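Reproduced below: target-v4.txt, with compact mmCIF, C-alpha atoms.
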# COMPACT_ATOMS: atom_id res chain seq x y z
CA MET N 1 150.08 185.05 103.91
CA ALA N 2 146.37 184.36 103.65
CA ALA N 3 144.78 182.40 106.51
CA ASN N 4 141.90 180.01 107.25
CA ILE N 5 140.49 178.67 110.47
CA GLU N 6 139.76 175.03 109.72
CA ILE N 7 138.90 171.56 110.93
CA LYS N 8 139.08 168.13 109.32
CA ALA N 9 136.89 165.23 110.46
CA ARG N 10 136.01 161.69 109.52
CA ALA N 11 132.47 161.66 108.15
CA SER N 12 130.14 159.74 110.44
CA ASN N 13 127.32 159.60 107.87
CA PHE N 14 128.75 161.01 104.63
CA ASN N 15 125.55 161.09 102.55
CA ARG N 16 123.38 162.52 105.34
CA GLN N 17 125.94 165.18 106.20
CA LYS N 18 126.27 166.06 102.52
CA MET N 19 122.48 166.50 102.24
CA ILE N 20 122.55 168.84 105.25
CA ALA N 21 125.32 170.90 103.64
CA GLU N 22 123.33 171.08 100.40
CA THR N 23 120.42 172.72 102.26
CA LEU N 24 122.71 175.22 104.03
CA SER N 25 124.94 176.12 101.09
CA ASP N 26 124.92 179.37 99.15
CA ILE N 27 125.78 177.40 95.99
CA PRO N 28 125.01 173.92 94.62
CA GLY N 29 127.70 171.36 95.35
CA GLU N 30 130.59 171.54 92.90
CA GLN N 31 132.31 168.24 92.00
CA ILE N 32 136.09 168.54 91.78
CA TRP N 33 138.62 165.78 91.10
CA GLN N 34 142.03 166.53 92.62
CA GLU N 35 145.44 164.97 92.66
CA ASP N 36 147.74 166.46 95.30
CA ILE N 37 151.46 165.80 94.92
CA PHE N 38 153.33 166.57 98.14
CA PHE N 39 157.00 167.51 97.95
CA LYS N 40 159.75 167.07 100.50
CA ILE N 41 160.44 170.32 102.33
CA SER N 42 161.78 171.15 105.79
CA LYS N 43 159.03 173.47 107.06
CA GLY N 44 155.29 173.35 106.40
CA ARG N 45 153.79 171.44 103.47
CA LEU N 46 154.11 172.04 99.74
CA LYS N 47 151.68 170.43 97.33
CA LEU N 48 150.86 170.75 93.69
CA ARG N 49 147.12 170.30 93.18
CA ILE N 50 146.23 169.16 89.68
CA PHE N 51 142.60 169.42 88.56
CA ASP N 52 140.93 167.29 85.90
CA SER N 53 140.62 170.47 83.80
CA GLY N 54 144.41 170.41 83.35
CA SER N 55 145.06 173.47 85.51
CA GLY N 56 146.84 173.43 88.83
CA GLU N 57 147.74 175.26 92.02
CA LEU N 58 150.99 175.16 93.93
CA ILE N 59 150.03 175.51 97.59
CA TYR N 60 152.44 176.13 100.46
CA TYR N 61 150.90 176.01 103.91
CA ILE N 62 151.74 175.92 107.59
CA ARG N 63 149.22 174.41 109.99
CA ALA N 64 149.54 172.87 113.43
CA ASP N 65 148.71 169.19 113.73
CA SER N 66 145.93 169.45 116.31
CA SER N 67 142.39 168.09 116.18
CA GLY N 68 140.35 171.20 116.96
CA PRO N 69 139.90 174.37 114.91
CA LYS N 70 143.30 175.67 113.87
CA VAL N 71 144.89 178.43 111.83
CA SER N 72 146.28 177.51 108.43
CA GLN N 73 148.47 180.09 106.72
CA TYR N 74 148.92 179.57 103.00
CA GLN N 75 150.12 180.91 99.67
CA ILE N 76 148.76 179.77 96.29
CA PHE N 77 150.35 180.00 92.84
CA VAL N 78 148.01 179.19 89.92
CA THR N 79 149.45 177.44 86.86
CA ASN N 80 148.21 176.24 83.48
CA GLU N 81 151.27 173.99 83.20
CA PRO N 82 151.06 171.75 86.28
CA GLU N 83 152.88 168.80 84.70
CA SER N 84 155.93 170.91 83.85
CA LEU N 85 155.92 172.36 87.36
CA ARG N 86 155.52 168.86 88.81
CA ASN N 87 158.61 167.67 86.92
CA VAL N 88 160.73 170.59 88.14
CA LEU N 89 159.62 170.19 91.76
CA ALA N 90 159.95 166.39 91.74
CA SER N 91 163.48 166.66 90.32
CA SER N 92 164.61 169.37 92.71
CA LEU N 93 162.80 168.46 95.96
CA GLY N 94 161.59 164.87 95.63
CA VAL N 95 158.02 163.61 95.98
CA ARG N 96 156.81 162.77 99.46
CA GLY N 97 153.51 161.22 98.35
CA ILE N 98 150.34 161.60 96.30
CA ILE N 99 146.73 161.97 97.43
CA LYS N 100 143.85 161.49 94.99
CA LYS N 101 140.35 162.55 95.92
CA GLN N 102 136.89 163.42 94.69
CA ARG N 103 135.76 166.61 96.43
CA THR N 104 132.32 168.17 96.63
CA LEU N 105 132.59 171.86 97.51
CA TYR N 106 129.86 173.88 99.22
CA LYS N 107 130.06 177.49 100.43
CA ILE N 108 128.31 179.23 103.29
CA GLY N 109 129.39 182.85 103.62
CA HIS N 110 133.17 182.86 104.09
CA THR N 111 133.25 179.14 104.85
CA ARG N 112 134.13 176.42 102.37
CA ILE N 113 132.79 172.94 103.15
CA HIS N 114 134.64 170.05 101.51
CA PHE N 115 133.24 166.53 101.33
CA ASP N 116 136.26 164.47 100.36
CA GLN N 117 136.31 160.87 99.16
CA VAL N 118 140.01 160.12 99.50
CA ASN N 119 141.50 157.09 97.76
CA ASP N 120 142.65 154.48 100.30
CA LEU N 121 141.58 156.60 103.31
CA GLY N 122 137.80 157.06 103.27
CA ASN N 123 135.32 159.93 103.59
CA PHE N 124 136.08 163.21 105.31
CA ILE N 125 134.64 166.67 105.88
CA GLU N 126 136.70 169.85 106.03
CA LEU N 127 135.44 173.25 107.13
CA GLU N 128 137.57 176.24 106.14
CA PHE N 129 136.63 179.74 107.26
CA VAL N 130 138.56 182.11 104.97
CA MET N 131 139.77 184.97 107.14
CA GLN N 132 138.93 188.49 105.98
CA ASP N 133 140.61 191.72 107.15
CA ASN N 134 137.53 192.64 109.20
CA THR N 135 136.93 189.18 110.71
CA SER N 136 137.97 188.24 114.23
CA LYS N 137 139.35 184.82 115.11
CA ASN N 138 136.48 184.42 117.62
CA GLU N 139 133.90 185.01 114.88
CA ALA N 140 135.59 182.39 112.69
CA LEU N 141 135.75 179.88 115.56
CA GLN N 142 132.08 180.40 116.38
CA THR N 143 131.11 179.92 112.73
CA ILE N 144 133.10 176.66 112.58
CA LYS N 145 131.57 175.39 115.84
CA ASN N 146 128.04 176.24 114.65
CA LEU N 147 128.60 174.41 111.35
CA MET N 148 130.08 171.42 113.17
CA GLU N 149 126.87 171.17 115.18
CA LYS N 150 124.61 171.54 112.14
CA LEU N 151 126.63 168.98 110.17
CA GLU N 152 126.66 166.54 113.11
CA ILE N 153 130.45 166.63 113.46
CA GLN N 154 131.43 165.68 116.98
CA ASP N 155 134.76 166.34 118.64
CA ASN N 156 135.67 162.65 118.51
CA HIS N 157 135.34 162.77 114.67
CA LEU N 158 138.08 165.42 114.38
CA ILE N 159 141.48 164.44 113.05
CA ASP N 160 144.71 166.24 113.69
CA THR N 161 146.73 165.89 110.52
CA ALA N 162 146.86 166.12 106.74
CA TYR N 163 145.80 163.30 104.41
CA ILE N 164 149.43 162.81 103.39
CA GLU N 165 150.36 162.00 107.00
CA MET N 166 147.53 159.47 107.18
CA VAL N 167 148.75 157.72 104.03
CA SER N 168 152.30 157.63 105.43
CA ASP N 169 150.95 156.15 108.69
CA ASN N 170 149.10 153.41 106.76
CA GLN N 171 152.20 152.28 104.86
Could you spell out this file's structure in structure tokens?
Amino acid sequence: MAANIEIKARASNFNRQKMIAETLSDIPGEQIWQEDIFFKISKGRLKLRIFDSGSGELIYYIRADSSGPKVSQYQIFVTNEPESLRNVLASSLGVRGIIKKQRTLYKIGHTRIHFDQVNDLGNFIELEFVMQDNTSKNEALQTIKNLMEKLEIQDNHLIDTAYIEMVSDNQ
């Protein structure tokens, strides 16, 4: 499985932090609307991400629920028929919940920076260092920590779980 080292944090000053990311990024910010449908499974998390373009990705991932940098192992299946896949998965597994968000994506080297405006939850920042064959975990951790400092993300801003868990907690 592919792997990331990642963190998720509540944004302390969303617009300021976004402006900082814009100056650091290798690419201009890309606006992406996403709907994530989470399905009921016994191990890890399974979500179908549907984009406003009509395409989708089925993403299975395993990640510890801890607030600091953590490993996320994942597999992605790309589909041009997300609604058909959604119907099959909903019928066979059941839907756990749905997360809708507007994401702005920036990239710095092997790191993806997500500025997420999540319906009913608020504004968040995710840092995902995409592991490469020649990259050490220490290098990834140092990159994440350096970006946290530059983006003014403090340890007390970190959250330890997925958006779907936060929605479940709010209900």
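Each of N:Asp160, N:Tyr61, N:Lys70, N:Lys18 was compared to N:Ala140 using all atoms listed in the file, and N:Lys70 turns out to be the nearest.
Relative to atom CA of N:Gly56, atom CA of N:Lys101 is found at 14.5 Å.
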Straight-line distance linking atom CA of N:Gln17 with atom CA of N:Gly109, stated in Å to one decimal
18.2 Å
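When all atoms listed in the file are used to measure the gap to N:Val95, the shortest distance among N:Ile32, N:Asn4, N:Arg45, N:Asp26 belongs to N:Arg45.
With distances taken over all atoms listed in the file, N:Glu128 is the one residue among N:Ala162, N:Glu128, N:Gly44, N:Pro69 lying closest to N:Lys107.
From atom CA of N:Leu48 back to atom CA of N:Glu35, the distance works out to 8.0 Å.
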Restricting to only C-alpha atoms, whichever of N:Thr161, N:Gln142, N:Gln117, N:Ser72 is closest to N:Ile5 is N:Ser72
My list of candidates is N:Gln75, N:Thr135, N:Ser67, N:Thr104. Which is closest to N:Phe14 when distances are computed with all atoms listed in the file?
N:Thr104
Contacts of N:Glu139 within 12 Å, all atoms listed in the file, excl. fewer than 4 positions in-chain, as a PyMOL selection string
chain N and resi 5+110-111+129-132+134-135+143-146
Residues within 12 Å of N:Asn87, please, as a short mmCIF file (atom, residue, chain, number, x, y, z; two decimals) with C-alpha atoms, in the frame of the given file. Count only C-alpha atoms; anything in the same chain fewer than 6 positions from it doesn't count.
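File part_38.cif, as written:
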data_model
loop_
_atom_site.label_atom_id
_atom_site.label_comp_id
_atom_site.auth_asym_id
_atom_site.auth_seq_id
_atom_site.Cartn_x
_atom_site.Cartn_y
_atom_site.Cartn_z
CA ILE N 37 151.46 165.80 94.92
CA PHE N 39 157.00 167.51 97.95
CA LEU N 48 150.86 170.75 93.69
CA GLU N 81 151.27 173.99 83.20
CA LEU N 93 162.80 168.46 95.96
CA GLY N 94 161.59 164.87 95.63
CA VAL N 95 158.02 163.61 95.98
#
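Remark: for N:Arg103, the closest of the candidate residues N:Glu152, N:Asp52, N:Glu30, N:Asp120 is N:Glu30 (distances computed over all atoms listed in the file).
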Once 5 Å is added on each side, what centre and edge lengths in Å to one decimal does the axis-aligned box around all listed atoms of stretch 62-71 of chain N have, as AutoDock Vina command-line options?
--center_x 145.8 --center_y 173.3 --center_z 112.3 --size_x 21.8 --size_y 20.3 --size_z 19.4
Residues near N:Phe51, cut-off 10 Å, all atoms listed in the file, skip fewer than 6 positions along chain, as a compact mmCIF listing (two decimals) with C-alpha atoms, in the coordinates of the input:
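As a result, result-v1.txt now contains:
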# COMPACT_ATOMS: atom_id res chain seq x y z
CA ILE N 32 136.09 168.54 91.78
CA TRP N 33 138.62 165.78 91.10
CA GLN N 34 142.03 166.53 92.62
CA GLU N 35 145.44 164.97 92.66
CA ASP N 36 147.74 166.46 95.30
CA GLU N 57 147.74 175.26 92.02
CA PRO N 82 151.06 171.75 86.28
